[in-house]
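Undergrad: Dropping in model_4.cif, with mmCIF, C-alpha atoms.
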```cif
data_structure
loop_
_atom_site.group_PDB
_atom_site.id
_atom_site.type_symbol
_atom_site.label_atom_id
_atom_site.label_comp_id
_atom_site.auth_asym_id
_atom_site.auth_seq_id
_atom_site.Cartn_x
_atom_site.Cartn_y
_atom_site.Cartn_z
ATOM 1 C CA MET F 248 15.979 -32.511 -6.051
ATOM 2 C CA LYS F 249 14.167 -29.438 -7.404
ATOM 3 C CA LYS F 250 11.013 -31.531 -7.788
ATOM 4 C CA ALA F 251 11.131 -32.623 -4.136
ATOM 5 C CA ILE F 252 11.588 -29.046 -2.899
ATOM 6 C CA TYR F 253 8.745 -27.858 -5.148
ATOM 7 C CA ILE F 254 6.401 -30.611 -3.903
ATOM 8 C CA ALA F 255 7.353 -29.922 -0.278
ATOM 9 C CA ALA F 256 6.682 -26.191 -0.717
ATOM 10 C CA ILE F 257 3.301 -26.822 -2.367
ATOM 11 C CA SER F 258 2.200 -29.332 0.268
ATOM 12 C CA PHE F 259 3.363 -27.059 3.122
ATOM 13 C CA SER F 260 1.439 -24.103 1.730
ATOM 14 C CA ALA F 261 -1.644 -26.254 1.164
ATOM 15 C CA LEU F 262 -1.547 -27.628 4.694
ATOM 16 C CA MET F 263 -0.954 -24.246 6.364
ATOM 17 C CA PRO F 264 -4.282 -22.798 7.508
ATOM 18 C CA PHE F 265 -5.364 -19.529 5.938
ATOM 19 C CA ARG F 266 -4.400 -16.628 8.146
ATOM 20 C CA SER F 267 -4.477 -12.895 7.773
ATOM 21 C CA ASP F 268 -1.237 -10.956 7.522
ATOM 22 C CA ALA F 269 -1.889 -9.297 10.884
ATOM 23 C CA ASN F 270 -2.216 -12.686 12.599
ATOM 24 C CA ILE F 271 0.980 -14.010 10.964
ATOM 25 C CA ILE F 272 2.932 -10.924 12.047
ATOM 26 C CA ALA F 273 1.450 -11.093 15.550
ATOM 27 C CA MET F 274 2.331 -14.764 15.870
ATOM 28 C CA SER F 275 5.924 -14.178 14.742
ATOM 29 C CA VAL F 276 6.393 -11.260 17.151
ATOM 30 C CA GLY F 277 4.558 -13.042 19.980
ATOM 31 C CA ILE F 278 1.732 -10.561 20.581
ATOM 32 C CA MET F 279 -1.173 -12.705 19.431
ATOM 33 C CA ASP F 280 -3.079 -12.121 22.675
ATOM 34 C CA GLU F 281 -3.238 -8.375 22.023
ATOM 35 C CA ILE F 282 -5.252 -8.657 18.790
ATOM 36 C CA PRO F 283 -8.971 -8.554 19.643
ATOM 37 C CA ALA F 284 -11.150 -11.278 18.203
ATOM 38 C CA PRO F 285 -13.862 -10.015 15.866
ATOM 39 C CA SER F 286 -17.208 -9.812 17.544
ATOM 40 C CA LEU F 287 -20.750 -8.986 16.540
ATOM 41 C CA LYS F 288 -20.741 -6.222 19.135
ATOM 42 C CA THR F 289 -18.175 -4.270 17.096
ATOM 43 C CA LYS F 290 -19.954 -4.594 13.762
ATOM 44 C CA ASN F 291 -22.064 -1.797 12.390
ATOM 45 C CA MET F 292 -25.607 -1.599 13.548
ATOM 46 C CA PHE F 293 -28.237 -1.878 10.816
ATOM 47 C CA THR F 294 -30.483 1.158 10.503
ATOM 48 C CA PHE F 295 -33.795 1.154 8.663
ATOM 49 C CA GLN F 296 -36.093 4.099 8.067
ATOM 50 C CA VAL F 297 -39.730 3.085 8.230
ATOM 51 C CA HIS F 298 -42.918 5.096 7.980
ATOM 52 C CA THR F 299 -44.090 6.965 11.037
ATOM 53 C CA ASN F 300 -46.914 4.665 12.140
ATOM 54 C CA ALA F 301 -45.158 1.310 11.638
ATOM 55 C CA TYR F 302 -45.343 0.262 15.299
ATOM 56 C CA ASN F 303 -48.908 1.537 15.690
ATOM 57 C CA GLU F 304 -50.032 -0.432 12.636
ATOM 58 C CA LEU F 305 -48.271 -3.516 13.990
ATOM 59 C CA GLU F 306 -50.071 -3.172 17.333
ATOM 60 C CA ASN F 307 -53.395 -2.733 15.510
ATOM 61 C CA GLU F 308 -52.781 -5.876 13.456
ATOM 62 C CA LEU F 309 -51.867 -7.807 16.599
ATOM 63 C CA GLY F 310 -55.048 -6.594 18.278
ATOM 64 C CA GLU F 311 -57.182 -7.791 15.355
ATOM 65 C CA ILE F 312 -55.843 -11.366 15.434
ATOM 66 C CA ASP F 313 -58.423 -13.926 16.502
ATOM 67 C CA THR F 314 -56.638 -16.037 19.123
ATOM 68 C CA SER F 315 -58.694 -19.102 18.248
ATOM 69 C CA PHE F 316 -56.608 -19.429 15.049
ATOM 70 C CA VAL F 317 -53.289 -18.983 16.833
ATOM 71 C CA ARG F 318 -51.193 -22.027 17.754
ATOM 72 C CA HIS F 319 -50.125 -22.324 21.370
ATOM 73 C CA HIS F 320 -46.568 -21.274 22.168
ATOM 74 C CA PRO F 321 -44.764 -22.431 25.334
ATOM 75 C CA ILE F 322 -43.551 -18.927 26.193
ATOM 76 C CA ASP F 323 -46.820 -16.971 26.053
ATOM 77 C CA MET F 324 -49.734 -15.796 23.911
ATOM 78 C CA GLU F 325 -48.015 -12.540 22.846
ATOM 79 C CA VAL F 326 -45.237 -14.539 21.199
ATOM 80 C CA ALA F 327 -47.802 -16.875 19.635
ATOM 81 C CA LYS F 328 -49.725 -13.942 18.116
ATOM 82 C CA ARG F 329 -46.545 -12.428 16.696
ATOM 83 C CA ILE F 330 -45.460 -15.758 15.200
ATOM 84 C CA HIS F 331 -48.910 -16.088 13.628
ATOM 85 C CA LEU F 332 -48.621 -12.594 12.116
ATOM 86 C CA PHE F 333 -45.043 -13.317 11.014
ATOM 87 C CA GLU F 334 -46.212 -16.478 9.222
ATOM 88 C CA GLU F 335 -49.077 -14.603 7.543
ATOM 89 C CA THR F 336 -46.684 -11.872 6.421
ATOM 90 C CA TYR F 337 -43.794 -13.954 5.122
ATOM 91 C CA ALA F 338 -45.515 -17.070 3.775
ATOM 92 C CA TYR F 339 -48.603 -17.954 1.789
ATOM 93 C CA PHE F 340 -49.972 -20.996 0.026
ATOM 94 C CA SER F 341 -50.307 -20.884 -3.752
ATOM 95 C CA GLU F 342 -53.200 -22.620 -5.431
ATOM 96 C CA ALA F 343 -52.668 -26.157 -6.590
ATOM 97 C CA ALA F 344 -51.506 -26.335 -10.182
ATOM 98 C CA PRO F 345 -52.994 -28.864 -12.587
ATOM 99 C CA GLY F 346 -51.466 -32.236 -11.872
ATOM 100 C CA THR F 347 -50.655 -31.503 -8.235
ATOM 101 C CA PHE F 348 -52.852 -32.368 -5.318
ATOM 102 C CA SER F 349 -51.827 -29.862 -2.683
ATOM 103 C CA ASP F 350 -51.041 -26.213 -2.293
ATOM 104 C CA GLN F 351 -47.429 -25.108 -2.215
ATOM 105 C CA LYS F 352 -45.995 -22.889 0.504
ATOM 106 C CA VAL F 353 -44.278 -19.807 -0.915
ATOM 107 C CA ILE F 354 -41.932 -17.867 1.350
ATOM 108 C CA HIS F 355 -40.947 -14.245 0.824
ATOM 109 C CA LYS F 356 -37.465 -13.339 2.066
ATOM 110 C CA PRO F 357 -36.545 -16.933 2.937
ATOM 111 C CA VAL F 358 -33.305 -15.949 4.696
ATOM 112 C CA ILE F 359 -35.082 -13.835 7.298
ATOM 113 C CA TYR F 360 -37.883 -16.397 7.560
ATOM 114 C CA GLN F 361 -35.465 -19.269 8.205
ATOM 115 C CA TYR F 362 -33.328 -17.438 10.742
ATOM 116 C CA VAL F 363 -36.249 -15.999 12.695
ATOM 117 C CA HIS F 364 -37.523 -19.552 13.105
ATOM 118 C CA LYS F 365 -34.042 -20.623 14.214
ATOM 119 C CA ILE F 366 -34.013 -17.859 16.846
ATOM 120 C CA GLU F 367 -37.522 -18.799 17.994
ATOM 121 C CA LYS F 368 -36.440 -22.421 18.407
ATOM 122 C CA TYR F 369 -33.380 -21.253 20.379
ATOM 123 C CA TYR F 370 -35.541 -19.210 22.766
ATOM 124 C CA ARG F 371 -38.009 -22.086 23.170
ATOM 125 C CA LYS F 372 -35.191 -24.465 24.128
ATOM 126 C CA GLN F 373 -33.615 -21.935 26.493
ATOM 127 C CA PHE F 374 -36.964 -21.343 28.190
ATOM 128 C CA ARG F 375 -37.737 -25.048 28.570
ATOM 129 C CA ALA F 376 -34.262 -25.675 30.000
ATOM 130 C CA GLY F 377 -34.808 -22.901 32.542
ATOM 131 C CA ALA F 378 -31.863 -20.858 31.270
ATOM 132 C CA ILE F 379 -34.017 -17.797 30.598
ATOM 133 C CA PRO F 380 -37.114 -16.571 32.478
ATOM 134 C CA ARG F 381 -40.466 -16.359 30.694
ATOM 135 C CA GLU F 382 -40.681 -12.549 30.826
ATOM 136 C CA GLN F 383 -37.209 -12.045 29.358
ATOM 137 C CA ALA F 384 -37.764 -14.633 26.627
ATOM 138 C CA SER F 385 -41.115 -13.092 25.731
ATOM 139 C CA GLU F 386 -39.759 -9.552 25.643
ATOM 140 C CA GLN F 387 -36.724 -10.374 23.490
ATOM 141 C CA LEU F 388 -38.547 -12.704 21.121
ATOM 142 C CA CYS F 389 -41.401 -10.205 20.672
ATOM 143 C CA LYS F 390 -38.857 -7.500 19.808
ATOM 144 C CA ILE F 391 -37.206 -9.754 17.211
ATOM 145 C CA LEU F 392 -40.547 -10.764 15.691
ATOM 146 C CA ASP F 393 -41.767 -7.137 15.617
ATOM 147 C CA THR F 394 -38.580 -6.108 13.833
ATOM 148 C CA ALA F 395 -38.886 -8.908 11.280
ATOM 149 C CA ILE F 396 -42.545 -8.077 10.574
ATOM 150 C CA ILE F 397 -41.840 -4.364 10.148
ATOM 151 C CA LEU F 398 -38.845 -4.998 7.861
ATOM 152 C CA PHE F 399 -40.867 -7.131 5.445
ATOM 153 C CA TYR F 400 -41.583 -4.241 3.069
ATOM 154 C CA TYR F 401 -38.074 -2.766 3.087
ATOM 155 C CA ASN F 402 -34.789 -3.558 1.344
ATOM 156 C CA THR F 403 -32.934 -5.943 3.641
ATOM 157 C CA ASP F 404 -30.250 -7.299 1.296
ATOM 158 C CA LYS F 405 -27.254 -6.269 3.441
ATOM 159 C CA PHE F 406 -28.949 -7.523 6.584
ATOM 160 C CA GLU F 407 -29.764 -10.855 4.928
ATOM 161 C CA LYS F 408 -26.110 -11.198 3.887
ATOM 162 C CA ALA F 409 -25.061 -10.620 7.502
ATOM 163 C CA LEU F 410 -27.567 -13.270 8.610
ATOM 164 C CA LYS F 411 -26.105 -15.764 6.137
ATOM 165 C CA ASP F 412 -22.615 -15.117 7.507
ATOM 166 C CA THR F 413 -23.756 -15.841 11.074
ATOM 167 C CA ARG F 414 -24.138 -19.392 12.324
ATOM 168 C CA SER F 415 -25.132 -19.539 15.983
ATOM 169 C CA ALA F 416 -28.602 -18.608 17.185
ATOM 170 C CA ALA F 417 -27.144 -16.383 19.910
ATOM 171 C CA ASP F 418 -25.257 -14.352 17.302
ATOM 172 C CA LEU F 419 -28.361 -14.218 15.115
ATOM 173 C CA GLN F 420 -30.395 -12.765 17.952
ATOM 174 C CA ASP F 421 -27.638 -10.184 18.522
ATOM 175 C CA LEU F 422 -27.961 -9.108 14.890
ATOM 176 C CA PHE F 423 -31.704 -8.603 15.274
ATOM 177 C CA ILE F 424 -31.276 -6.739 18.555
ATOM 178 C CA GLN F 425 -28.706 -4.401 16.954
ATOM 179 C CA ILE F 426 -31.210 -3.221 14.331
ATOM 180 C CA GLN F 427 -32.179 0.383 14.777
ATOM 181 C CA ILE F 428 -35.562 1.327 13.343
ATOM 182 C CA ILE F 429 -36.150 5.013 12.752
ATOM 183 C CA GLU F 430 -39.708 6.127 12.151
ATOM 184 C CA SER F 431 -39.920 9.016 9.689
ATOM 185 C CA ASP F 432 -42.047 10.340 6.859
ATOM 186 C CA VAL F 433 -40.646 8.223 4.047
#
```
Could I get this file's structure written as structure tokens?
TA:
Amino acid sequence: MKKAIYIAAISFSALMPFRSDANIIAMSVGIMDEIPAPSLKTKNMFTFQVHTNAYNELENELGEIDTSFVRHHPIDMEVAKRIHLFEETYAYFSEAAPGTFSDQKVIHKPVIYQYVHKIEKYYRKQFRAGAIPREQASEQLCKILDTAIILFYYNTDKFEKALKDTRSAADLQDLFIQIQIIESDV
């Protein structure tokens, strides 16, 4: 009999979904609707201090890009130039090692690289579906790409951890939009 009770208790606890103590108390009292769901809007905003001329240098680099080397982007040429600069900043090709026949692509900060591409794909799909106008898509995507390019030289470990914990592209874009960049003499 003790064995059956023990097995029933173990299987019940294993089958019960993991819940926080606050949710269990709220469910037992019947006030579950009053507990707000966690949201990205309530999380802390990420703040980065960058050198004073970061945006000016970015604009200069964008102005120096030869558009004949830039791949077409369905949204507009400004997005295409920023993606080109983003690729040049975050990725490079190493020389072929003996025994290999092609260069290997090396990516710095692969978490940011991967998720920026996921956001770009999200905006491209939204634009093609007509869910977002060209101007809005261009403005928001340019802001995200500018932020990613500027943050390349700074410590982004906490931000990368937050990116890993986020799954949907809409939430990822919210994380990038919440970044506050402060220009100062570092």
Undergrad: Can you work out the spacing between CA of Ile397 (chain F) and CA of Lys372 (chain F) in Å, to one decimal?
TA: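 Distance between the two atoms: 25.4 Å.
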Undergrad: Determine, counting only C-alpha atoms, which protein, DNA and RNA residues have an atom within 12 Å of an atom of Asp432 (chain F); residues of the same chain fewer than 2 positions away are not included. Present the result as a PyMOL selection string.
TA: chain F and resi 296-301+429-430
Undergrad: Filtering to C-alpha atoms, could you give me those residues as a PDB file, in the coordinates of the input?
TA:
```pdb
ATOM      1  CA  GLN F 296     -36.093   4.099   8.067  1.00  0.00           C
ATOM      2  CA  VAL F 297     -39.730   3.085   8.230  1.00  0.00           C
ATOM      3  CA  HIS F 298     -42.918   5.096   7.980  1.00  0.00           C
ATOM      4  CA  THR F 299     -44.090   6.965  11.037  1.00  0.00           C
ATOM      5  CA  ASN F 300     -46.914   4.665  12.140  1.00  0.00           C
ATOM      6  CA  ALA F 301     -45.158   1.310  11.638  1.00  0.00           C
ATOM      7  CA  ILE F 429     -36.150   5.013  12.752  1.00  0.00           C
ATOM      8  CA  GLU F 430     -39.708   6.127  12.151  1.00  0.00           C
TER       9      GLU F 430
END
```
Undergrad: What's the 9 Å shell around Leu309 (chain F), counting all atoms listed in the file, without same-chain residues fewer than 6 positions away, as a ChimeraX atom specification?
TA: /F:325,328-329,332
Undergrad: Given the selection you just returned, output its residues as a file containing C-alpha atoms, formatted as an mmCIF file, keeping the file's coordinate frame.
TA:
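Final output, result_32.cif:
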```cif
data_model
loop_
_atom_site.group_PDB
_atom_site.id
_atom_site.type_symbol
_atom_site.label_atom_id
_atom_site.label_comp_id
_atom_site.auth_asym_id
_atom_site.auth_seq_id
_atom_site.Cartn_x
_atom_site.Cartn_y
_atom_site.Cartn_z
ATOM 1 C CA GLU F 325 -48.015 -12.540 22.846
ATOM 2 C CA LYS F 328 -49.725 -13.942 18.116
ATOM 3 C CA ARG F 329 -46.545 -12.428 16.696
ATOM 4 C CA LEU F 332 -48.621 -12.594 12.116
#
```
Undergrad: Counting all atoms listed in the file, what is within 12 Å of Ile396 (chain F), bar same-chain residues fewer than 6 positions away, as a list of chain:residue names?
TA: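 Surrounding residues, per the criterion: F:Val297, F:Ala301, F:Tyr302, F:Glu304, F:Leu305, F:Glu306, F:Glu308, F:Leu309, F:Lys328, F:Arg329, F:Ile330, F:His331, F:Leu332, F:Phe333, F:Glu334, F:Glu335, F:Thr336, F:Tyr337, F:Ala338, F:His355, F:Lys356, F:Ile359, F:Tyr360, F:Val363, F:Cys389, F:Lys390, F:Phe423.
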Undergrad: I'd like the neighbourhood of Lys408 (chain F) as a PyMOL selection string, where a residue qualifies if any of its atoms comes within 10 Å (using only C-alpha atoms), though same-chain residues fewer than 4 positions away should be ignored.
TA: chain F and resi 358-359+403-404+412-413
Undergrad: Which polymer residues have any atom within 12 Å of an atom of Asp418 (chain F), counting all atoms listed in the file, with same-chain residues fewer than 2 positions away left out, as a ChimeraX atom specification?
TA: /F:286-288,290,362,365-366,369,409-416,420-425
Undergrad: Kindly give the distance, in Å, that separates CA of Ile354 (chain F) and CA of Phe340 (chain F), rounded to a single decimal.
TA: 8.7 Å
Undergrad: Please measure the separation of CA of Ala376 (chain F) and CA of Thr314 (chain F), giving the value in Å to one decimal.
TA: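 Interatomic distance, CA of Ala376 (chain F) to CA of Thr314 (chain F): 26.7 Å.
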Undergrad: Take the point (-34.8, -5.0, 12.8) as written in the file and pick out every residue within 8 Å of it, counting all atoms listed in the file; give the list as a PyMOL selection string.
TA: chain F and resi 293-295+391+393-395+397-398+423-428
